[in-house]
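Peer 1: Just one file: upload37.cif, with mmCIF, C-alpha atoms.
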data_query
#
loop_
_atom_site.label_atom_id
_atom_site.label_comp_id
_atom_site.auth_asym_id
_atom_site.auth_seq_id
_atom_site.Cartn_x
_atom_site.Cartn_y
_atom_site.Cartn_z
CA GLU S 3 -16.88 -6.51 24.31
CA PRO S 4 -17.41 -4.37 21.17
CA ILE S 5 -15.34 -1.22 21.42
CA GLY S 6 -18.34 0.94 20.45
CA VAL S 7 -18.61 3.62 17.77
CA CYS S 8 -16.04 3.25 15.00
CA GLY S 9 -15.10 6.07 12.66
CA PHE S 10 -13.64 4.92 9.33
CA ILE S 11 -11.79 7.09 6.78
CA THR S 12 -10.87 5.31 3.56
CA PRO S 13 -8.76 6.24 0.50
CA TRP S 14 -9.50 6.50 -3.20
CA ASN S 15 -7.43 3.51 -4.34
CA TRP S 16 -9.08 0.07 -4.14
CA PRO S 17 -12.14 1.86 -2.68
CA LEU S 18 -14.58 -1.03 -2.22
CA ASN S 19 -11.88 -3.25 -0.71
CA GLN S 20 -10.78 -0.56 1.73
CA VAL S 21 -14.34 0.03 2.95
CA SER S 22 -15.18 -3.68 3.23
CA CYS S 23 -12.03 -4.56 5.18
CA LYS S 24 -13.15 -2.19 7.93
CA ILE S 25 -16.92 -2.52 8.10
CA ALA S 26 -17.18 -6.33 7.86
CA PRO S 27 -15.20 -7.16 11.03
CA ALA S 28 -16.58 -4.13 12.88
CA LEU S 29 -20.18 -5.20 12.25
CA ALA S 30 -19.32 -8.80 13.14
CA ALA S 31 -17.81 -7.58 16.42
CA GLY S 32 -21.02 -5.71 17.27
CA CYS S 33 -19.82 -2.15 16.73
CA THR S 34 -21.61 0.78 15.13
CA ILE S 35 -20.02 2.64 12.24
CA VAL S 36 -19.60 6.10 10.74
CA ILE S 37 -17.66 5.89 7.49
CA LYS S 38 -16.25 8.59 5.23
CA PRO S 39 -15.08 7.26 1.86
CA SER S 40 -12.69 9.30 -0.23
CA GLU S 41 -14.36 12.22 -1.96
CA MET S 42 -12.45 11.14 -5.09
CA SER S 43 -14.08 7.70 -5.28
CA PRO S 44 -17.31 7.68 -3.24
CA VAL S 45 -19.70 5.80 -5.54
CA SER S 46 -18.82 2.20 -4.61
CA ALA S 47 -19.27 3.00 -0.90
CA TYR S 48 -22.64 4.59 -1.68
CA ILE S 49 -23.80 1.46 -3.53
CA LEU S 50 -22.55 -0.77 -0.70
CA SER S 51 -24.48 1.38 1.76
CA GLU S 52 -27.67 0.78 -0.22
CA ILE S 53 -26.99 -2.96 -0.11
CA ILE S 54 -26.43 -2.83 3.66
CA ALA S 55 -29.72 -0.96 4.13
CA ASP S 56 -31.59 -3.43 1.90
CA ALA S 57 -30.11 -6.30 3.91
CA GLY S 58 -31.93 -5.05 7.00
CA VAL S 59 -29.11 -3.65 9.11
CA PRO S 60 -30.91 -1.49 11.71
CA ALA S 61 -30.91 2.26 11.22
CA GLY S 62 -28.03 3.93 13.01
CA VAL S 63 -25.77 0.88 13.07
CA TYR S 64 -24.08 1.80 9.79
CA ASN S 65 -23.79 5.44 8.71
CA LEU S 66 -22.10 6.98 5.67
CA VAL S 67 -21.07 10.65 5.56
CA ASN S 68 -19.52 12.07 2.40
CA GLY S 69 -17.02 14.92 2.49
CA ASP S 70 -13.33 15.74 2.42
CA GLY S 71 -10.64 14.87 4.94
CA PRO S 72 -10.01 18.31 6.48
CA THR S 73 -13.74 18.72 7.19
CA VAL S 74 -15.52 15.40 7.74
CA GLY S 75 -12.42 13.27 8.37
CA ALA S 76 -11.13 15.66 11.02
CA ALA S 77 -14.55 15.81 12.70
CA ILE S 78 -14.75 12.02 12.93
CA SER S 79 -11.20 11.78 14.28
CA ALA S 80 -11.77 14.40 16.96
CA HIS S 81 -15.30 13.48 18.02
CA PRO S 82 -15.38 12.50 21.71
CA GLU S 83 -18.12 9.90 21.17
CA VAL S 84 -16.14 7.99 18.55
CA ASP S 85 -14.32 5.18 20.38
CA LEU S 86 -12.02 4.07 17.55
CA VAL S 87 -10.87 5.70 14.36
CA SER S 88 -9.40 3.58 11.57
CA PHE S 89 -7.68 5.39 8.73
CA THR S 90 -6.15 4.15 5.48
CA GLY S 91 -4.18 6.62 3.38
CA SER S 92 -0.95 8.58 3.28
CA THR S 93 1.47 8.76 6.19
CA ARG S 94 1.13 12.54 6.21
CA ALA S 95 -2.65 12.36 6.61
CA GLY S 96 -2.30 9.57 9.17
CA ARG S 97 -0.29 11.88 11.40
CA GLU S 98 -3.10 14.44 11.27
CA VAL S 99 -5.69 11.81 12.17
CA SER S 100 -3.61 10.77 15.17
CA LYS S 101 -3.28 14.38 16.33
CA SER S 102 -7.02 14.99 15.99
CA ALA S 103 -7.80 11.81 17.93
CA ALA S 104 -5.30 12.45 20.73
CA ASN S 105 -7.45 14.75 22.88
CA SER S 106 -10.10 12.08 23.39
CA VAL S 107 -7.50 9.28 23.79
CA LYS S 108 -9.45 7.02 21.44
CA ARG S 109 -7.94 3.96 19.82
CA VAL S 110 -6.37 4.74 16.45
CA THR S 111 -5.45 2.22 13.77
CA LEU S 112 -3.53 3.36 10.73
CA GLU S 113 -2.71 1.66 7.43
CA LEU S 114 -0.37 4.08 5.71
CA GLY S 115 2.26 4.31 3.00
CA GLY S 116 4.96 1.93 1.91
CA LYS S 117 8.18 1.65 -0.05
CA SER S 118 8.36 -2.12 -0.17
CA ALA S 119 11.55 -3.95 -1.08
CA ASN S 120 11.54 -6.92 -3.44
CA ILE S 121 14.69 -8.98 -2.85
CA ILE S 122 15.67 -11.33 -5.68
CA LEU S 123 18.09 -13.91 -4.29
CA ASP S 124 20.85 -15.64 -6.26
CA ASP S 125 18.92 -18.91 -6.35
CA ALA S 126 15.71 -17.37 -7.73
CA ASP S 127 14.23 -18.00 -11.15
CA PHE S 128 15.19 -14.56 -12.46
CA ALA S 129 12.92 -14.52 -15.51
CA ARG S 130 9.89 -15.31 -13.35
CA ALA S 131 10.84 -13.20 -10.33
CA VAL S 132 11.85 -10.04 -12.19
CA THR S 133 8.91 -10.16 -14.61
CA GLY S 134 6.50 -10.77 -11.75
CA GLY S 135 8.05 -7.96 -9.72
CA VAL S 136 7.69 -5.47 -12.55
CA MET S 137 4.06 -6.34 -13.22
CA SER S 138 3.18 -6.33 -9.53
CA CYS S 139 4.73 -2.86 -9.13
CA PHE S 140 2.69 -1.60 -12.10
CA SER S 141 -0.61 -3.16 -10.96
CA ASN S 142 -3.45 -0.64 -10.49
CA SER S 143 -1.20 1.88 -12.28
CA GLY S 144 1.18 1.65 -9.31
CA GLN S 145 -1.44 3.05 -6.93
CA SER S 146 -1.05 0.47 -4.16
CA CYS S 147 0.50 1.06 -0.74
CA ASN S 148 2.05 -2.44 -0.72
CA ALA S 149 3.54 -2.29 -4.23
CA PRO S 150 7.08 -3.76 -4.59
CA THR S 151 8.63 -0.49 -5.73
CA ARG S 152 12.28 -1.23 -4.82
CA MET S 153 13.77 -4.28 -6.56
CA LEU S 154 17.03 -5.45 -4.94
CA VAL S 155 19.17 -7.72 -7.12
CA PRO S 156 22.74 -9.12 -6.91
CA GLU S 157 25.39 -6.83 -8.40
CA THR S 158 26.54 -9.65 -10.66
CA LYS S 159 23.07 -10.04 -12.18
CA ILE S 160 22.21 -6.41 -12.92
CA GLU S 161 22.57 -6.52 -16.71
CA GLU S 162 20.47 -9.69 -16.94
CA VAL S 163 17.85 -8.11 -14.70
CA ILE S 164 17.72 -4.93 -16.80
CA GLU S 165 17.00 -6.91 -19.97
CA ILE S 166 14.23 -8.94 -18.31
CA ALA S 167 12.70 -5.81 -16.75
CA LYS S 168 12.72 -3.92 -20.06
CA ALA S 169 10.94 -6.80 -21.77
CA ALA S 170 8.34 -6.92 -19.01
CA ALA S 171 7.74 -3.16 -19.17
CA ALA S 172 7.15 -3.40 -22.92
CA LYS S 173 4.17 -5.67 -22.21
CA ALA S 174 2.63 -3.24 -19.71
CA LEU S 175 0.41 -1.60 -22.30
CA VAL S 176 -1.18 1.70 -21.24
CA GLY S 177 -4.50 2.73 -22.69
CA ASP S 178 -8.27 2.97 -22.53
CA PRO S 179 -9.41 0.76 -19.61
CA SER S 180 -12.29 -0.58 -21.72
CA GLN S 181 -9.89 -2.18 -24.22
CA ASP S 182 -8.96 -5.85 -23.73
CA THR S 183 -5.30 -5.21 -24.52
CA THR S 184 -4.88 -2.51 -21.87
CA ARG S 185 -2.88 -3.43 -18.78
CA LEU S 186 -2.59 0.04 -17.20
CA GLY S 187 -5.13 2.84 -17.17
CA PRO S 188 -4.60 6.45 -16.08
CA VAL S 189 -3.71 7.54 -12.57
CA VAL S 190 -6.40 9.06 -10.39
CA SER S 191 -6.00 12.81 -10.84
CA LYS S 192 -4.02 15.71 -12.25
CA ALA S 193 -2.37 16.28 -8.88
CA GLN S 194 -1.23 12.65 -8.70
CA TYR S 195 0.02 12.76 -12.30
CA GLU S 196 2.06 15.89 -11.59
CA ARG S 197 3.55 14.38 -8.42
CA ILE S 198 4.62 11.26 -10.32
CA GLN S 199 6.16 13.35 -13.12
CA ALA S 200 8.09 15.46 -10.60
CA LEU S 201 9.53 12.35 -8.95
CA ILE S 202 10.51 10.81 -12.31
CA GLU S 203 12.33 14.05 -13.12
CA LYS S 204 13.95 13.94 -9.68
CA GLY S 205 15.26 10.44 -10.36
CA ILE S 206 16.86 11.61 -13.58
CA GLU S 207 18.29 14.69 -11.87
CA GLU S 208 19.86 12.56 -9.13
CA GLY S 209 21.60 10.33 -11.67
CA ALA S 210 19.50 7.17 -12.02
CA SER S 211 19.19 5.63 -15.51
CA VAL S 212 15.78 5.36 -17.16
CA ILE S 213 15.64 1.94 -18.82
CA ALA S 214 11.90 2.07 -19.62
CA GLY S 215 9.33 4.84 -19.78
CA GLY S 216 10.32 8.25 -18.47
CA PRO S 217 8.67 11.67 -18.24
CA GLY S 218 5.55 12.70 -20.12
CA LYS S 219 2.52 10.85 -21.42
CA PRO S 220 2.56 7.76 -23.63
CA GLU S 221 2.27 8.47 -27.34
CA GLY S 222 -1.34 8.88 -28.44
CA LEU S 223 -2.64 9.36 -24.90
CA GLU S 224 -2.37 13.11 -24.51
CA THR S 225 -5.89 13.36 -23.02
CA GLY S 226 -6.13 11.84 -19.56
CA PHE S 227 -3.64 11.38 -16.75
CA TYR S 228 -1.67 8.53 -18.29
CA VAL S 229 1.86 7.76 -17.08
CA LYS S 230 4.54 5.85 -18.95
CA PRO S 231 5.43 2.69 -16.96
CA THR S 232 8.91 3.67 -15.82
CA ILE S 233 11.88 1.69 -14.56
CA PHE S 234 15.06 3.18 -13.09
CA ALA S 235 18.35 1.29 -12.79
CA HIS S 236 21.82 2.28 -11.58
CA ALA S 237 20.15 3.87 -8.57
CA ASN S 238 21.05 3.82 -4.90
CA ASN S 239 18.96 3.63 -1.75
CA GLN S 240 19.56 7.28 -0.82
CA MET S 241 17.90 8.65 -3.96
CA THR S 242 14.47 10.24 -3.64
CA ILE S 243 12.93 7.59 -5.95
CA ALA S 244 14.11 4.89 -3.50
CA ARG S 245 12.84 6.66 -0.38
CA GLU S 246 9.54 8.41 -1.22
CA GLU S 247 6.29 6.66 -2.04
CA ILE S 248 5.61 7.63 -5.66
CA PHE S 249 2.19 5.94 -5.97
CA GLY S 250 2.50 5.47 -9.70
CA PRO S 251 3.92 2.88 -12.12
CA VAL S 252 7.56 3.59 -11.26
CA LEU S 253 10.07 0.90 -10.24
CA THR S 254 13.58 1.50 -8.87
CA ILE S 255 16.16 -1.30 -9.31
CA LEU S 256 18.96 -1.39 -6.72
CA THR S 257 21.91 -3.76 -6.39
CA TYR S 258 23.35 -5.49 -3.34
CA LYS S 259 26.77 -7.01 -2.59
CA ASP S 260 25.60 -9.85 -0.36
CA GLU S 261 22.51 -10.89 1.57
CA ASP S 262 23.37 -8.79 4.62
CA ASP S 263 23.59 -5.77 2.33
CA ALA S 264 20.21 -6.68 0.78
CA VAL S 265 18.52 -6.89 4.18
CA THR S 266 20.17 -3.66 5.34
CA GLN S 267 18.94 -1.76 2.27
CA ALA S 268 15.47 -3.31 2.50
CA ASN S 269 15.15 -2.17 6.13
CA ASP S 270 16.70 1.27 5.47
CA THR S 271 13.36 3.04 5.01
CA ASP S 272 10.85 4.96 7.09
CA TYR S 273 8.23 2.46 5.99
CA GLY S 274 7.54 -1.19 6.80
CA LEU S 275 4.29 -2.26 5.17
CA SER S 276 5.18 -5.13 2.87
CA GLY S 277 8.15 -7.03 1.50
CA TYR S 278 8.91 -9.59 -1.17
CA VAL S 279 11.59 -12.28 -1.45
CA SER S 280 12.21 -14.67 -4.35
CA GLY S 281 14.49 -17.69 -4.14
CA GLU S 282 14.68 -21.26 -2.85
CA PRO S 283 11.70 -21.35 -0.41
CA GLU S 284 13.53 -22.03 2.87
CA HIS S 285 16.31 -19.63 1.91
CA ALA S 286 13.72 -16.96 1.10
CA ARG S 287 11.95 -17.60 4.42
CA GLN S 288 15.14 -17.00 6.38
CA ILE S 289 15.58 -13.64 4.63
CA ALA S 290 11.89 -12.81 5.21
CA LEU S 291 12.35 -13.26 8.97
CA ARG S 292 14.98 -10.50 8.95
CA LEU S 293 12.79 -7.86 7.29
CA ARG S 294 11.22 -5.15 9.45
CA THR S 295 7.89 -5.21 7.69
CA GLY S 296 4.36 -6.34 8.47
CA MET S 297 4.04 -8.73 5.54
CA VAL S 298 6.42 -10.67 3.32
CA HIS S 299 5.41 -12.44 0.10
CA ILE S 300 7.66 -15.32 -0.91
CA ASN S 301 8.04 -16.26 -4.58
CA GLY S 302 5.10 -14.15 -5.72
CA ALA S 303 2.59 -15.40 -3.14
CA ALA S 304 -0.69 -13.51 -3.36
CA PRO S 305 -2.36 -11.62 -0.49
CA ASP S 306 -4.49 -13.80 1.78
CA PHE S 307 -7.52 -12.45 3.67
CA SER S 308 -6.87 -14.95 6.48
CA ALA S 309 -3.48 -13.32 7.18
CA PRO S 310 -3.11 -9.93 8.92
CA PHE S 311 -2.46 -6.86 6.74
CA GLY S 312 -0.59 -3.92 8.24
CA GLY S 313 2.82 -2.43 8.79
CA TYR S 314 5.74 -1.49 11.01
CA LYS S 315 7.23 1.97 11.54
CA GLN S 316 5.60 4.81 9.57
CA SER S 317 3.45 2.36 7.64
CA GLY S 318 1.04 2.44 10.56
CA ASN S 319 -0.23 0.38 13.46
CA GLY S 320 -2.97 -2.17 13.95
CA ARG S 321 -4.00 -4.85 11.48
CA GLU S 322 -6.78 -5.63 9.04
CA TRP S 323 -7.75 -9.09 7.72
CA GLY S 324 -7.34 -12.32 9.65
CA ILE S 325 -8.19 -12.85 13.31
CA GLU S 326 -6.17 -9.73 14.16
CA GLY S 327 -8.55 -7.68 12.02
CA PHE S 328 -11.44 -8.66 14.32
CA GLU S 329 -9.51 -8.15 17.54
CA GLU S 330 -9.04 -4.44 16.75
CA PHE S 331 -12.76 -3.92 17.45
CA PHE S 332 -12.94 -5.40 20.95
CA GLU S 333 -12.23 -4.14 24.45
CA THR S 334 -11.08 -6.68 27.02
CA LYS S 335 -12.79 -6.58 30.43
CA ALA S 336 -11.67 -8.44 33.57
CA ILE S 337 -14.36 -9.02 36.22
CA LEU S 338 -12.91 -9.98 39.61
CA GLY S 339 -14.76 -11.01 42.77
CA TYR S 340 -15.43 -13.52 45.52
CA ASN S 341 -17.90 -16.34 45.36
CA ALA S 342 -20.90 -15.78 47.66
#
Once you've parsed the file, please lay out its structure as structure tokens.
Peer 2:
Amino acid sequence: EPIGVCGFITPWNWPLNQVSCKIAPALAAGCTIVIKPSEMSPVSAYILSEIIADAGVPAGVYNLVNGDGPTVGAAISAHPEVDLVSFTGSTRAGREVSKSAANSVKRVTLELGGKSANIILDDADFARAVTGGVMSCFSNSGQSCNAPTRMLVPETKIEEVIEIAKAAAAKALVGDPSQDTTRLGPVVSKAQYERIQALIEKGIEEGASVIAGGPGKPEGLETGFYVKPTIFAHANNQMTIAREEIFGPVLTILTYKDEDDAVTQANDTDYGLSGYVSGEPEHARQIALRLRTGMVHINGAAPDFSAPFGGYKQSGNGREWGIEGFEEFFETKAILGYNA
């Protein structure tokens, strides 16, 4: 049976996708909805709401409430007549949603942060794998929870990898989003820009080498919250830049001694949202099976809406997309009795 009233709280990055991934299966399951989009990117949700109304969805089935997290988000999470709350955002905020929801013992699904490892195996096509890893990390100006922000490469290949990564970063042109040559626009806000800058400075302070980018704004882009696409090398997995989600165009390259070391480093994180492995397909699959993460992309495979999206550990619980994304919105009832 449909679980009932669903409260949805969505983030500012990929805003239309994040809203759609929740409301589509919930409506299909027969639930009613109260959604709060991020106050930093509410317009796409507002337009979608107009479309839903024009499509004839009955009044009261779908409801949008604008506001911030501490006010509207907390009210949705705590409300005793909300049967499920689904939140996408930071791990810190996810903890607060869980606490608010606890008193009414409602179902909570969380899609939170990530610090995804990208393992490049010895038998990979390094030019393709490293270039693809860099560009994937920088996509959406690095503002993706599943971004491959830790690249793990064999110790013997580090110099080759650095040269490939530097060449890839040089093609990640930052600029006005309306220009055809632009590959990265600004990050979302001043606060996000300042957080990214602080973490870049922290990486330098802790001894990692900047091989591309670095602190400050790109030349000629002093107005706007533009970040230089930045790559660190000669880092280790205990550095802040390898452990905290930066949520900007910042990649950390780490080395491993052997495959066991690669898997150990990949799993040595509080997060477990996504993972990436490049190499001979069956070899890569065997490594993928050892990763403690909700998704693994082999040889640059794209996301697939028929496959479940979600994470292990502090990356959350529950799944979106796929059959599992529908099952979140049902209760299971057993009816037992004797035949008359």
Peer 1: Name the residues in contact with S:Thr242 at a cut-off of 8 Å, using only C-alpha atoms, excluding same-chain residues fewer than 2 positions from it; report them as a ChimeraX atom specification.
Peer 2: /S:201,204-205,240,244-246
Peer 1: For S:Ile49, which residue among S:Val190, S:Ile35, S:Val132, S:Leu66 is the nearest when counting all atoms listed in the file?
Peer 2: S:Leu66
Peer 1: Under the rule that all atoms listed in the file are counted, which of S:Ala214, S:Arg321, S:Asn341, S:Asn120 is the nearest residue to S:Leu293?
Peer 2: S:Asn120
Peer 1: Under the rule that only C-alpha atoms are counted, which of S:Arg294, S:Lys108, S:Lys38, S:Arg97 is the nearest residue to S:Gly6?
Peer 2: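 Among the listed residues, S:Lys108 lies closest to S:Gly6.
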Peer 1: So how far away is atom CA of S:Phe311 from atom CA of S:Trp323, in Å?
Peer 2: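 Value for the atom CA of S:Trp323-atom CA of S:Phe311 distance: 5.8 Å.
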Peer 1: Atom CA of S:Phe227 and atom CA of S:Thr183, how far apart in Å?
Peer 2: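 Separation of atom CA of S:Thr183 and atom CA of S:Phe227: 18.4 Å.
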Peer 1: Please identify all polymer residues within 12 Å of S:Arg185, counting all atoms listed in the file, omitting same-chain residues fewer than 4 positions from it, and present them as a list of chain:residue names.
Peer 2: S:Met137, S:Ser138, S:Phe140, S:Ser141, S:Asn142, S:Ser143, S:Gly144, S:Ala170, S:Ala171, S:Ala172, S:Lys173, S:Ala174, S:Leu175, S:Val176, S:Gly177, S:Asp178, S:Pro179, S:Ser180, S:Gln181, S:Lys230, S:Pro231, S:Pro251
Peer 1: Find, counting only C-alpha atoms, the residue in S:Pro13, S:Gly324, S:Gly116, S:Pro150 that gets nearest to S:Gly274.
Peer 2: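 Distance minimum relative to S:Gly274 lands on S:Gly116.
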Peer 1: Would you translate the PyMOL selection byres ((chain S and resi 65) around 9) into the concrete set of residues it matches in this file, as a PyMOL selection string?
Peer 2: chain S and resi 34-38+51+61-64+66-67
Peer 1: Just the number, please: distance in Å from atom CA of S:Met42 to atom CA of S:Gly75, one decimal.
Peer 2: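 The value is 13.6 Å.
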Peer 1: So which residues touch stretch 254-256 of chain S within 7 Å, counting only C-alpha atoms, skipping near sequence neighbours fewer than 5 positions away, as a list in words?
Peer 2: Thr151, Arg152, Met153, Leu154, Val155, Ile233, Phe234, Ala235, His236, Ala237, Asn238, Ile243 and Ala244 of chain S
Peer 1: Let me make sure I understand: among S:Pro60, S:Gly318, S:Gly281, S:Ile11, which one has the smallest atom-to-atom distance to S:Pro44 if we use all atoms listed in the file?
Peer 2: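 Residue with the minimum atom-to-atom distance to S:Pro44: S:Ile11.
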Peer 1: Pick out the closest residue to S:Ser43 from this set: S:Leu186, S:Ile164, S:Leu114, S:Val21. Count only C-alpha atoms.
Peer 2: S:Val21
Peer 1: Care to translate the PyMOL selection byres ((chain S and resi 77) around 12) into actual residues of this file, as a CSV table (one decimal) with C-alpha atoms, in the frame of the given file?
Peer 2:
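Okay, part.csv is ready:
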chain,number,residue,atom,x,y,z
S,9,GLY,CA,-15.1,6.1,12.7
S,10,PHE,CA,-13.6,4.9,9.3
S,11,ILE,CA,-11.8,7.1,6.8
S,36,VAL,CA,-19.6,6.1,10.7
S,37,ILE,CA,-17.7,5.9,7.5
S,38,LYS,CA,-16.2,8.6,5.2
S,67,VAL,CA,-21.1,10.6,5.6
S,69,GLY,CA,-17.0,14.9,2.5
S,70,ASP,CA,-13.3,15.7,2.4
S,71,GLY,CA,-10.6,14.9,4.9
S,72,PRO,CA,-10.0,18.3,6.5
S,73,THR,CA,-13.7,18.7,7.2
S,74,VAL,CA,-15.5,15.4,7.7
S,75,GLY,CA,-12.4,13.3,8.4
S,76,ALA,CA,-11.1,15.7,11.0
S,78,ILE,CA,-14.8,12.0,12.9
S,79,SER,CA,-11.2,11.8,14.3
S,80,ALA,CA,-11.8,14.4,17.0
S,81,HIS,CA,-15.3,13.5,18.0
S,82,PRO,CA,-15.4,12.5,21.7
S,83,GLU,CA,-18.1,9.9,21.2
S,84,VAL,CA,-16.1,8.0,18.6
S,87,VAL,CA,-10.9,5.7,14.4
S,98,GLU,CA,-3.1,14.4,11.3
S,99,VAL,CA,-5.7,11.8,12.2
S,101,LYS,CA,-3.3,14.4,16.3
S,102,SER,CA,-7.0,15.0,16.0
S,103,ALA,CA,-7.8,11.8,17.9
Peer 1: Using the chain letters and numbers from the file, give me the residues hit by the PyMOL selection byres ((chain S and resi 249) around 6), as a PyMOL selection string.
Peer 2: chain S and resi 144-145+247-248+250
Peer 1: Need to verify the contact set: S:Glu157, 10 Å, only C-alpha atoms, exclusion of same-chain residues closer than 2 positions in sequence. Can you return it as number ranges by chain?
Peer 2: S: 154-155, 159-161, 163, 256-260
Peer 1: Skipping near chain neighbours, those fewer than 5 positions away, what residues fall within 10 Å of S:Ala126 using only C-alpha atoms, listed as an mmCIF file with C-alpha atoms, in the frame of the given file?
Peer 2:
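Result file selection.cif:
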data_model
loop_
_atom_site.group_PDB
_atom_site.id
_atom_site.type_symbol
_atom_site.label_atom_id
_atom_site.label_comp_id
_atom_site.auth_asym_id
_atom_site.auth_seq_id
_atom_site.Cartn_x
_atom_site.Cartn_y
_atom_site.Cartn_z
ATOM 1 C CA ILE S 121 14.690 -8.980 -2.850
ATOM 2 C CA ALA S 131 10.840 -13.200 -10.330
ATOM 3 C CA VAL S 132 11.850 -10.040 -12.190
ATOM 4 C CA VAL S 279 11.590 -12.280 -1.450
ATOM 5 C CA SER S 280 12.210 -14.670 -4.350
ATOM 6 C CA GLY S 281 14.490 -17.690 -4.140
ATOM 7 C CA GLU S 282 14.680 -21.260 -2.850
ATOM 8 C CA PRO S 283 11.700 -21.350 -0.410
ATOM 9 C CA HIS S 285 16.310 -19.630 1.910
ATOM 10 C CA ALA S 286 13.720 -16.960 1.100
ATOM 11 C CA ASN S 301 8.040 -16.260 -4.580
#
Peer 1: Report, as AutoDock Vina command-line options, the axis-aligned box around all atoms of stretch 59-71 of chain S present in the file, extended by 3 Å on each side; give centre and edge lengths in Å to one decimal place.
Peer 2:
--center_x -20.8 --center_y 6.0 --center_z 7.7 --size_x 26.3 --size_y 25.4 --size_z 16.7
